[in-house]
Structures are given as C-alpha cells and as structure tokens.
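Colleague: Pasting a structure below so you can have a look.
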Amino acid sequence: MSAALSYSDPAYPGPGSAPRLALNRITLSNFRCYQTLRLDPGAGLVVLTGANGAGKTNLLEALSLLSPGRGLRGARLAEISRHPDNNSQTSAPEWAVAAEFATPHGALSIGVGWAEADGERRAVRINGAAASGQTALSEHISMVWLTPAMDRLFVEAPAGRRRFLDRLVFAFDPAHAGRLQAYDKARRERARLLREGRADESWLGALERNMAERAVAIAAARLDLIERLKRAIAEESGSFPRPEIAVRGVIEDWIEQRPALEVEENYRAALERARPEDGDSGSCEGVHRSDLMAKLGVNGPDAEQASTGEQKAILISLILAHGRLLARLKGRVPVLLLDEITAHLDSARRQALFEAIEDLGAQAWLTGTDEALFTPIRQSAQFYSVANGRILKQETHG
C-alpha cells in the first residue's frame, strides 16, 4: 500500500534534538470560570494542582483550542463562555484565548475566539492577521492530550476510539478532517434518500461514489499512521508497555489485501447492492464503524481486559509515540496537555512518565488533585495552585 501521508520517515534524531514548541504566555477572557487570566510560564513542565472543579481542565481546554479541532472537551463554542450570573437573561459574552509561543522559527502569536453571530465558526488570528480557518493552525501548532474521560477508551463504544485515532491522524494530515466530514455528509444524505424511498439512481450513485472515494482515503490514512506508530512504539525505552495496535474495519481490511482503486470500486458496488437493507436499517457498512484495537504487548491481554492502570499506560505509550512522530516528521516537539495524568499510575510509572516527557523534550502541562504525586519534578517544574477560578504560582523550595 502506498503511503497516505506526505512525509518521509527518517530515523528518530534522539532525545531533545528536535526543536520544542513552548507556550510563553496565555491570556483568557470570559472563558468558562475565568473572567480574565494571564500566565507567563515559559518553557518546561507546568503543574496545576487543586480540587476537582477548581478550573484546571478549563485552562487545558483553552490551550487545546489553540490547535485544530474542537478541543479536548469537544464542546460547542457557545458552551464555553463564562456566565457570571446564572440567573442573567443576557446573552453569553464572547470568549477569547490569546497566546505567545516560542517556535523553531521564532516568536508566534495566536488568538482564537467566538462571536455569537458566527455560530460554531471559530475566529483565528495568526501573528495579528485573520486566518481562513482553524486548519491554518496545523501549520504552526502541534498539541496532544489525555483526559480522564479517555481512561475508559478501551472499554466503551468504538466511536470514542475512532475519534481518538482520527485526531492522531489529523495532527499530520489536516485534510483528514475534511474527508471525514464529506464522507459523513454523503452517508447521511444517502440514508435519508433510502429512508424516504426516493429512488433517484443518479443522485444515489453520485453519493456512493463520493463515499467510496473518501472511505478509501480515510482508511488508508488510518492504516498508514498505525504502521508509523508501531515503529515509534518499538523505540520505547522506559517502563511503559509496548502495545500491539491495529485498526479493524471492512474498508481497512480490504485495503490491506487489495489495491486502493479496486477497493473503491468494490465498496461502491457493495453500497449499491445493499440499498434495500440499508434503507430498512438506516445504516450501512463503512469507515464509520471501524475500531482501534490494542493489546498489552505481543502476548498480553486485549486492552479491554487489562486493568485500569494498564489501560492508562497503553494510552500514555500511544501519546508518547505520537509525540515522537510529530517531533520527527514536523520538526517540532508538541505541547502535551495531560489532565489528571497521575490517576491510576503507580509510583514507578509516574516516574517513568516524568522521564519520558523529559526525554521527549516537550513542554507539558500536567494537572492533578494531589501535589505530592508530582514531588519527583518539584525542582524542574513550575507549580501553580488552582482554586475557584484563580491561579497562583507557588514558590520552589530547595
């Protein structure tokens, strides 16, 4: 199979040798619990500690919106605005996030925000100039994240695992998001026509050709990234597991056995034959049913049968491998957003995590409720206390 993503795959240059991306300043306005906030962290590790609901995740969400996509919560833009008075009948204020980055190519300023009149369109400014859309962010910013909601990724529905995998692909191939949207739009339109019994052969045929073309490109990009992640996982030097991973689905399975053009025609023909049953069921086969599979090593159990701590370790291994790929293939180490990252990790794996982040050379934002769990990096990280939507920098003691 030919590579779906347009980059070379050289040997990993080694710890800390790729330029890092570092957020030097972050400013929030009317963002969730923050009316205003400014932090100037600079490069390195940033640890945010505080009780649940204090505002730690809100800050990470703001950072995640500086990269392409819908952020680590996937929230609607109108849900993000701060509501100072729950009984207020006025419309939600416009929120904004502004940041200053140090990049391999010099200083970079990015601003994102929401204006109610624009619905779900996020306004983006890069170095003071309006950008055509959020996809432009992918040219400058790389971020990867883990959240507590992802701790159950391997025991819940496949949809979450597909979104996780597609977000990893999107970091390298921004066009992947457009292909997914085009595929889903055609699939929904086809389902509507079949449900309504509107036998417009030419329109159905056009939709099915569209679906087949997009599906093959989507599946090929997923498979390509999986292969690259496998090689990056094999480079793990710490105590995190080296999981076995695969993506399984009708189209992905076909692509591994047949030329892409043949798969495209076979899928189009299969959709045409399946019109009667798809009209009855309201669904069809396709890349929207694919799944990310993982095992705890070659001879280990499937991820869904592993302990909670082992599942968390698998996810961390995937994120670290993805970070190494970004460093290698985009020439910049990504920013890591790791929410409640120490939960379910024993002391050995917490230490391995801190060492892996240092080895990668990434700026990482870590949150937790128990400051003591971050003691091993007390001297190398900046610590902030978060309470009631306020953030206070702690002094470092020798």
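By convention in this document, the chains of the structure tokens carry letters A, B, ... by their order, each chain's residues are numbered from 1, and ligands are numbered from 1 in the order they are shown.
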Find the residues around region 145-157 of chain A up to 8 Å (only C-alpha atoms counted), leave out those fewer than 5 positions away in its own chain, and share them as a PDB file with N, CA and C atoms, in the first residue's frame.
Modeller:
ATOM      1  N   LEU A  72     -10.207  19.633  23.707  1.00  0.00           N
ATOM      2  CA  LEU A  72     -10.174  18.367  24.428  1.00  0.00           C
ATOM      3  C   LEU A  72     -11.522  17.961  25.011  1.00  0.00           C
ATOM      4  N   ALA A 303      -6.668  -4.872  25.407  1.00  0.00           N
ATOM      5  CA  ALA A 303      -6.718  -3.695  26.273  1.00  0.00           C
ATOM      6  C   ALA A 303      -7.982  -3.678  27.123  1.00  0.00           C
ATOM      7  N   GLU A 304      -9.111  -4.114  26.559  1.00  0.00           N
ATOM      8  CA  GLU A 304     -10.363  -4.070  27.315  1.00  0.00           C
ATOM      9  C   GLU A 304     -10.352  -5.009  28.504  1.00  0.00           C
ATOM     10  N   THR A 308      -7.282  -0.987  34.913  1.00  0.00           N
ATOM     11  CA  THR A 308      -7.413   0.439  34.616  1.00  0.00           C
ATOM     12  C   THR A 308      -6.046   1.097  34.477  1.00  0.00           C
ATOM     13  N   GLN A 311      -4.512   0.067  31.156  1.00  0.00           N
ATOM     14  CA  GLN A 311      -5.140   0.790  30.048  1.00  0.00           C
ATOM     15  C   GLN A 311      -4.612   2.217  29.971  1.00  0.00           C
ATOM     16  N   LYS A 312      -4.435   2.848  31.120  1.00  0.00           N
ATOM     17  CA  LYS A 312      -3.878   4.205  31.144  1.00  0.00           C
ATOM     18  C   LYS A 312      -2.451   4.196  30.598  1.00  0.00           C
ATOM     19  N   LEU A 315      -2.469   4.056  26.812  1.00  0.00           N
ATOM     20  CA  LEU A 315      -2.777   5.366  26.241  1.00  0.00           C
ATOM     21  C   LEU A 315      -1.562   6.293  26.297  1.00  0.00           C
ATOM     22  N   ILE A 316      -0.870   6.296  27.423  1.00  0.00           N
ATOM     23  CA  ILE A 316       0.307   7.145  27.549  1.00  0.00           C
ATOM     24  C   ILE A 316       1.375   6.718  26.541  1.00  0.00           C
ATOM     25  N   ILE A 319       0.392   8.124  23.201  1.00  0.00           N
ATOM     26  CA  ILE A 319       0.581   9.572  23.135  1.00  0.00           C
ATOM     27  C   ILE A 319       2.066   9.926  23.015  1.00  0.00           C
ATOM     28  N   LEU A 336       2.286  18.995  25.330  1.00  0.00           N
ATOM     29  CA  LEU A 336       1.479  17.926  25.914  1.00  0.00           C
ATOM     30  C   LEU A 336       0.523  18.506  26.951  1.00  0.00           C
ATOM     31  N   LEU A 337      -0.749  18.158  26.865  1.00  0.00           N
ATOM     32  CA  LEU A 337      -1.767  18.544  27.843  1.00  0.00           C
ATOM     33  C   LEU A 337      -2.247  17.269  28.512  1.00  0.00           C
ATOM     34  N   LEU A 338      -1.877  17.066  29.766  1.00  0.00           N
ATOM     35  CA  LEU A 338      -2.102  15.789  30.444  1.00  0.00           C
ATOM     36  C   LEU A 338      -2.938  16.037  31.691  1.00  0.00           C
ATOM     37  N   ASP A 339      -4.248  15.841  31.568  1.00  0.00           N
ATOM     38  CA  ASP A 339      -5.203  16.162  32.627  1.00  0.00           C
ATOM     39  C   ASP A 339      -5.367  14.977  33.572  1.00  0.00           C
ATOM     40  N   GLU A 340      -5.169  15.220  34.870  1.00  0.00           N
ATOM     41  CA  GLU A 340      -5.248  14.163  35.895  1.00  0.00           C
ATOM     42  C   GLU A 340      -4.415  12.961  35.461  1.00  0.00           C
ATOM     43  N   ILE A 341      -3.208  13.237  35.009  1.00  0.00           N
ATOM     44  CA  ILE A 341      -2.398  12.215  34.366  1.00  0.00           C
ATOM     45  C   ILE A 341      -1.884  11.162  35.333  1.00  0.00           C
TER      46      ILE A 341
END
Colleague: What residues in region 27-179 of chain A get the DSSP label strand (DSSP E or B)? Please answer as a PyMOL selection string.
Modeller: chain A and resi 27-31+34-39+45-49+81+96-103+106-113+123-126+129-130+143-146
Colleague: Keeping only N, CA and C atoms, take the residues you just selected and write them out as a short mmCIF file (atom, residue, chain, number, x, y, z; two decimals), in the first residue's frame.
Modeller:
data_model
loop_
_atom_site.label_atom_id
_atom_site.label_comp_id
_atom_site.auth_asym_id
_atom_site.auth_seq_id
_atom_site.Cartn_x
_atom_site.Cartn_y
_atom_site.Cartn_z
N THR A 27 -3.44 34.17 27.70
CA THR A 27 -4.39 35.14 28.22
C THR A 27 -5.80 34.69 27.87
N LEU A 28 -6.67 34.64 28.87
CA LEU A 28 -8.06 34.23 28.68
C LEU A 28 -9.00 35.38 29.01
N SER A 29 -10.10 35.44 28.26
CA SER A 29 -11.17 36.39 28.56
C SER A 29 -12.51 35.68 28.47
N ASN A 30 -13.30 35.76 29.56
CA ASN A 30 -14.66 35.19 29.59
C ASN A 30 -14.67 33.73 29.18
N PHE A 31 -13.67 32.98 29.63
CA PHE A 31 -13.55 31.57 29.27
C PHE A 31 -13.92 30.71 30.47
N TYR A 34 -13.11 31.61 34.08
CA TYR A 34 -12.14 32.70 34.11
C TYR A 34 -12.69 33.94 33.41
N GLN A 35 -12.89 35.00 34.20
CA GLN A 35 -13.24 36.28 33.57
C GLN A 35 -12.04 36.83 32.83
N THR A 36 -10.92 36.86 33.50
CA THR A 36 -9.64 37.21 32.87
C THR A 36 -8.56 36.36 33.53
N LEU A 37 -7.54 36.04 32.76
CA LEU A 37 -6.41 35.28 33.30
C LEU A 37 -5.21 35.51 32.40
N ARG A 38 -4.05 35.68 33.02
CA ARG A 38 -2.80 35.74 32.26
C ARG A 38 -1.74 34.94 33.01
N LEU A 39 -1.08 34.04 32.28
CA LEU A 39 0.04 33.29 32.81
C LEU A 39 1.22 33.45 31.86
N LEU A 45 8.10 22.14 32.25
CA LEU A 45 6.91 21.49 32.78
C LEU A 45 6.10 22.47 33.61
N VAL A 46 4.79 22.37 33.49
CA VAL A 46 3.86 23.19 34.27
C VAL A 46 2.91 22.26 34.99
N VAL A 47 2.84 22.36 36.30
CA VAL A 47 1.97 21.50 37.10
C VAL A 47 0.88 22.36 37.73
N LEU A 48 -0.37 21.98 37.50
CA LEU A 48 -1.53 22.67 38.06
C LEU A 48 -2.20 21.74 39.05
N THR A 49 -2.28 22.12 40.31
CA THR A 49 -2.92 21.28 41.31
C THR A 49 -4.06 22.03 41.99
N SER A 81 -18.41 30.10 26.97
CA SER A 81 -18.43 31.45 27.54
C SER A 81 -18.76 31.44 29.03
N ALA A 96 -12.36 34.58 24.44
CA ALA A 96 -11.16 34.67 23.61
C ALA A 96 -9.98 34.04 24.35
N VAL A 97 -9.08 33.48 23.56
CA VAL A 97 -7.82 32.92 24.07
C VAL A 97 -6.70 33.47 23.21
N ALA A 98 -5.69 34.05 23.84
CA ALA A 98 -4.54 34.57 23.11
C ALA A 98 -3.28 33.96 23.70
N ALA A 99 -2.31 33.69 22.85
CA ALA A 99 -1.09 33.03 23.31
C ALA A 99 0.11 33.51 22.53
N GLU A 100 1.26 33.47 23.21
CA GLU A 100 2.55 33.73 22.59
C GLU A 100 3.38 32.46 22.70
N PHE A 101 3.88 31.99 21.56
CA PHE A 101 4.67 30.77 21.51
C PHE A 101 6.11 31.08 21.10
N ALA A 102 7.02 30.27 21.61
CA ALA A 102 8.36 30.19 21.04
C ALA A 102 8.38 28.95 20.16
N THR A 103 8.75 29.11 18.91
CA THR A 103 8.74 28.01 17.96
C THR A 103 10.12 27.87 17.33
N GLY A 106 10.88 31.03 15.42
CA GLY A 106 10.77 32.33 16.05
C GLY A 106 9.46 32.50 16.82
N ALA A 107 9.20 33.72 17.26
CA ALA A 107 8.01 34.00 18.06
C ALA A 107 6.75 33.89 17.19
N LEU A 108 5.67 33.44 17.83
CA LEU A 108 4.40 33.25 17.14
C LEU A 108 3.27 33.67 18.08
N SER A 109 2.36 34.49 17.58
CA SER A 109 1.18 34.85 18.37
C SER A 109 -0.06 34.27 17.70
N ILE A 110 -0.93 33.71 18.54
CA ILE A 110 -2.18 33.11 18.05
C ILE A 110 -3.32 33.57 18.94
N GLY A 111 -4.41 33.93 18.32
CA GLY A 111 -5.63 34.27 19.04
C GLY A 111 -6.81 33.52 18.45
N VAL A 112 -7.64 32.97 19.32
CA VAL A 112 -8.87 32.31 18.87
C VAL A 112 -10.01 32.84 19.72
N GLY A 113 -11.21 32.83 19.17
CA GLY A 113 -12.35 33.33 19.93
C GLY A 113 -13.65 32.99 19.24
N ALA A 123 -13.10 32.04 15.25
CA ALA A 123 -12.24 33.04 14.64
C ALA A 123 -10.79 32.76 15.03
N VAL A 124 -9.89 32.88 14.06
CA VAL A 124 -8.48 32.58 14.29
C VAL A 124 -7.63 33.72 13.74
N ARG A 125 -6.68 34.17 14.54
CA ARG A 125 -5.70 35.17 14.09
C ARG A 125 -4.31 34.62 14.36
N ILE A 126 -3.44 34.73 13.36
CA ILE A 126 -2.07 34.25 13.47
C ILE A 126 -1.13 35.41 13.18
N ALA A 129 -2.89 38.57 11.92
CA ALA A 129 -3.69 38.54 10.69
C ALA A 129 -4.76 37.46 10.78
N ALA A 130 -5.95 37.77 10.25
CA ALA A 130 -7.04 36.80 10.27
C ALA A 130 -6.68 35.60 9.40
N MET A 143 -0.31 19.87 19.30
CA MET A 143 -0.64 19.54 20.68
C MET A 143 -1.22 18.14 20.73
N VAL A 144 -0.90 17.42 21.79
CA VAL A 144 -1.55 16.14 22.05
C VAL A 144 -2.00 16.15 23.50
N TRP A 145 -3.09 15.43 23.77
CA TRP A 145 -3.61 15.47 25.14
C TRP A 145 -4.24 14.15 25.55
N LEU A 146 -4.31 14.00 26.88
CA LEU A 146 -5.05 12.91 27.52
C LEU A 146 -5.92 13.52 28.60
#
Colleague: Pick the closest to Arg289 (chain A) from A:Ala206, A:Ile255, A:Ala348, A:Val247: which is it, counting only C-alpha atoms?
Modeller: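 The shortest atom-to-atom distance to Arg289 (chain A) comes from A:Val247.
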Colleague: Run DSSP on the backbone and tell me which residues of region 51-286 of chain A come out as alpha helix (DSSP H); list them as number ranges by chain.
Modeller: A: 56-64, 158-172, 175-196, 201-234, 250-255, 260-273, 275-281
Colleague: Taking 6 positions as the minimum chain separation for residues in the same chain, which residues sit within 12 Å of Leu225 (chain A) when counting only C-alpha atoms? Answer as a ChimeraX atom specification.
Modeller: /A:3-7,9,165-173,176,218-219,231-233,245-247,292,318,321-322,325-326,329
Colleague: Store the residues picked out above, limited to N, CA and C atoms, as an mmCIF file, in the first residue's frame.
Modeller:
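Output below, filename selection.cif:
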data_model
loop_
_atom_site.group_PDB
_atom_site.id
_atom_site.type_symbol
_atom_site.label_atom_id
_atom_site.label_comp_id
_atom_site.auth_asym_id
_atom_site.auth_seq_id
_atom_site.Cartn_x
_atom_site.Cartn_y
_atom_site.Cartn_z
ATOM 1 N N ALA A 3 1.979 5.080 0.801
ATOM 2 C CA ALA A 3 1.773 5.927 1.977
ATOM 3 C C ALA A 3 0.701 6.956 1.704
ATOM 4 N N ALA A 4 -0.163 7.145 2.702
ATOM 5 C CA ALA A 4 -1.260 8.105 2.551
ATOM 6 C C ALA A 4 -0.849 9.500 2.990
ATOM 7 N N LEU A 5 0.184 9.590 3.812
ATOM 8 C CA LEU A 5 0.571 10.880 4.356
ATOM 9 C C LEU A 5 1.865 11.340 3.692
ATOM 10 N N SER A 6 1.933 12.621 3.403
ATOM 11 C CA SER A 6 3.019 13.142 2.578
ATOM 12 C C SER A 6 4.202 13.601 3.422
ATOM 13 N N TYR A 7 4.911 12.634 4.016
ATOM 14 C CA TYR A 7 6.137 12.994 4.702
ATOM 15 C C TYR A 7 7.075 11.796 4.706
ATOM 16 N N ASP A 9 10.072 9.389 6.597
ATOM 17 C CA ASP A 9 10.101 8.747 7.907
ATOM 18 C C ASP A 9 11.543 8.442 8.292
ATOM 19 N N LEU A 165 -8.260 7.982 17.292
ATOM 20 C CA LEU A 165 -7.353 7.667 16.191
ATOM 21 C C LEU A 165 -7.388 8.750 15.123
ATOM 22 N N ASP A 166 -8.576 9.223 14.770
ATOM 23 C CA ASP A 166 -8.674 10.243 13.724
ATOM 24 C C ASP A 166 -8.029 11.550 14.153
ATOM 25 N N ARG A 167 -8.069 11.866 15.446
ATOM 26 C CA ARG A 167 -7.388 13.076 15.925
ATOM 27 C C ARG A 167 -5.872 12.925 15.768
ATOM 28 N N LEU A 168 -5.346 11.709 16.000
ATOM 29 C CA LEU A 168 -3.922 11.482 15.802
ATOM 30 C C LEU A 168 -3.543 11.634 14.323
ATOM 31 N N VAL A 169 -4.393 11.119 13.438
ATOM 32 C CA VAL A 169 -4.138 11.278 12.004
ATOM 33 C C VAL A 169 -4.186 12.749 11.617
ATOM 34 N N PHE A 170 -5.182 13.459 12.124
ATOM 35 C CA PHE A 170 -5.395 14.863 11.766
ATOM 36 C C PHE A 170 -4.191 15.721 12.096
ATOM 37 N N ALA A 171 -3.449 15.361 13.151
ATOM 38 C CA ALA A 171 -2.268 16.136 13.537
ATOM 39 C C ALA A 171 -1.223 16.169 12.420
ATOM 40 N N PHE A 172 -1.185 15.117 11.593
ATOM 41 C CA PHE A 172 -0.240 15.059 10.483
ATOM 42 C C PHE A 172 -0.880 15.433 9.153
ATOM 43 N N ASP A 173 -2.165 15.188 9.020
ATOM 44 C CA ASP A 173 -2.858 15.316 7.740
ATOM 45 C C ASP A 173 -4.144 16.105 7.941
ATOM 46 N N HIS A 176 -7.565 15.236 6.511
ATOM 47 C CA HIS A 176 -8.305 14.069 7.012
ATOM 48 C C HIS A 176 -9.658 14.481 7.585
ATOM 49 N N ILE A 218 -9.683 7.730 3.871
ATOM 50 C CA ILE A 218 -9.726 7.729 5.338
ATOM 51 C C ILE A 218 -9.057 6.476 5.886
ATOM 52 N N ALA A 219 -9.429 5.313 5.346
ATOM 53 C CA ALA A 219 -8.873 4.050 5.830
ATOM 54 C C ALA A 219 -7.375 3.976 5.578
ATOM 55 N N ARG A 231 6.192 1.573 14.743
ATOM 56 C CA ARG A 231 7.639 1.744 14.747
ATOM 57 C C ARG A 231 8.080 2.676 15.875
ATOM 58 N N ALA A 232 7.287 3.719 16.124
ATOM 59 C CA ALA A 232 7.628 4.628 17.216
ATOM 60 C C ALA A 232 7.489 3.942 18.572
ATOM 61 N N ILE A 233 6.474 3.084 18.725
ATOM 62 C CA ILE A 233 6.286 2.348 19.981
ATOM 63 C C ILE A 233 7.472 1.422 20.233
ATOM 64 N N ILE A 245 -1.026 -2.655 18.281
ATOM 65 C CA ILE A 245 -2.184 -1.866 17.864
ATOM 66 C C ILE A 245 -2.563 -2.194 16.432
ATOM 67 N N ALA A 246 -3.828 -1.994 16.118
ATOM 68 C CA ALA A 246 -4.333 -2.224 14.762
ATOM 69 C C ALA A 246 -5.644 -1.466 14.621
ATOM 70 N N VAL A 247 -6.026 -1.179 13.385
ATOM 71 C CA VAL A 247 -7.349 -0.638 13.113
ATOM 72 C C VAL A 247 -8.075 -1.668 12.272
ATOM 73 N N LEU A 292 -10.307 0.939 16.717
ATOM 74 C CA LEU A 292 -8.906 0.861 17.105
ATOM 75 C C LEU A 292 -8.751 -0.260 18.121
ATOM 76 N N LEU A 318 0.883 5.385 23.628
ATOM 77 C CA LEU A 318 0.450 5.856 22.312
ATOM 78 C C LEU A 318 0.691 7.357 22.158
ATOM 79 N N ALA A 321 4.430 8.007 21.750
ATOM 80 C CA ALA A 321 4.855 7.623 20.404
ATOM 81 C C ALA A 321 4.400 8.650 19.380
ATOM 82 N N HIS A 322 3.176 9.133 19.546
ATOM 83 C CA HIS A 322 2.651 10.154 18.649
ATOM 84 C C HIS A 322 3.473 11.440 18.762
ATOM 85 N N LEU A 325 6.622 11.016 16.823
ATOM 86 C CA LEU A 325 6.360 11.142 15.389
ATOM 87 C C LEU A 325 6.230 12.604 14.973
ATOM 88 N N LEU A 326 5.507 13.381 15.768
ATOM 89 C CA LEU A 326 5.358 14.801 15.461
ATOM 90 C C LEU A 326 6.715 15.501 15.469
ATOM 91 N N LEU A 329 8.592 14.209 12.215
ATOM 92 C CA LEU A 329 8.045 14.456 10.884
ATOM 93 C C LEU A 329 7.619 15.900 10.653
#
Colleague: Could you name the residues that touch Gly238 (chain A) at 12 Å or less, counting only C-alpha atoms, but leaving out those on the same chain fewer than 3 positions away, as a list of chain:residue names?
Modeller: A:Ile233, A:Ala234, A:Glu235, A:Pro241, A:Arg242, A:Ala313, A:Ile316, A:Ser317, A:Leu320, A:Ala321, A:Ala348, A:Arg349, A:Arg350, A:Gln351, A:Ala352, A:Leu353, A:Phe354, A:Glu355, A:Ala356, A:Ile357, A:Glu358, A:Asp359, A:Leu360
Colleague: Those same residues, written as a PDB file, in the first residue's frame with C-alpha atoms?
Modeller:
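Result saved to part_30.pdb:
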ATOM      1  CA  ILE A 233       6.286   2.348  19.981  1.00  0.00           C
ATOM      2  CA  ALA A 234       9.129  -0.087  19.309  1.00  0.00           C
ATOM      3  CA  GLU A 235      11.528   2.720  20.276  1.00  0.00           C
ATOM      4  CA  PRO A 241       4.165  -1.120  27.720  1.00  0.00           C
ATOM      5  CA  ARG A 242       4.795  -1.544  24.019  1.00  0.00           C
ATOM      6  CA  ALA A 313      -0.314   3.079  30.487  1.00  0.00           C
ATOM      7  CA  ILE A 316       0.307   7.145  27.549  1.00  0.00           C
ATOM      8  CA  SER A 317       2.510   4.915  25.388  1.00  0.00           C
ATOM      9  CA  LEU A 320       4.353   9.495  23.686  1.00  0.00           C
ATOM     10  CA  ALA A 321       4.855   7.623  20.404  1.00  0.00           C
ATOM     11  CA  ALA A 348       7.135   3.501  39.109  1.00  0.00           C
ATOM     12  CA  ARG A 349       5.000   4.508  36.139  1.00  0.00           C
ATOM     13  CA  ARG A 350       4.667   8.081  37.393  1.00  0.00           C
ATOM     14  CA  GLN A 351       8.464   8.291  37.472  1.00  0.00           C
ATOM     15  CA  ALA A 352       8.646   6.703  34.004  1.00  0.00           C
ATOM     16  CA  LEU A 353       6.163   9.277  32.707  1.00  0.00           C
ATOM     17  CA  PHE A 354       8.201  12.209  34.005  1.00  0.00           C
ATOM     18  CA  GLU A 355      11.366  10.732  32.496  1.00  0.00           C
ATOM     19  CA  ALA A 356       9.668  10.127  29.140  1.00  0.00           C
ATOM     20  CA  ILE A 357       8.451  13.732  28.957  1.00  0.00           C
ATOM     21  CA  GLU A 358      11.962  14.951  29.739  1.00  0.00           C
ATOM     22  CA  ASP A 359      13.383  12.586  27.104  1.00  0.00           C
ATOM     23  CA  LEU A 360      10.936  13.907  24.510  1.00  0.00           C
TER      24      LEU A 360
END
Colleague: What lies within 10 Å of Leu194 (chain A) using only C-alpha atoms, ignoring chain neighbours under 2 positions off, as a list of chain:residue names?
Modeller: A:Arg188, A:Glu189, A:Arg190, A:Ala191, A:Arg192, A:Glu196, A:Gly197, A:Arg198, A:Ala199, A:Asp200, A:Leu204, A:Arg275, A:Pro276, A:Glu277, A:Asp278, A:Gly279, A:Asp280, A:Ser281, A:Gly282, A:Ser283
Colleague: Which residue gives the smallest distance to Pro243 (chain A) among A:His105, A:Lys295, A:Arg214, A:Arg179, with only C-alpha atoms counted?
Modeller: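 Going through A:His105, A:Lys295, A:Arg214, A:Arg179 one by one, the smallest distance to Pro243 (chain A) is for A:Lys295.
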Colleague: Calculated over only C-alpha atoms, which of the candidates A:Leu66, A:Ala186, A:Val263, A:Leu229 has the smallest distance to Glu139 (chain A)?
Modeller: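 Smallest distance to Glu139 (chain A) is found for A:Leu66.
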Colleague: How many Å separate CA of Pro158 (chain A) from CA of Leu180 (chain A)?
Modeller: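 Computing it gives 15.9 Å between the two atoms.
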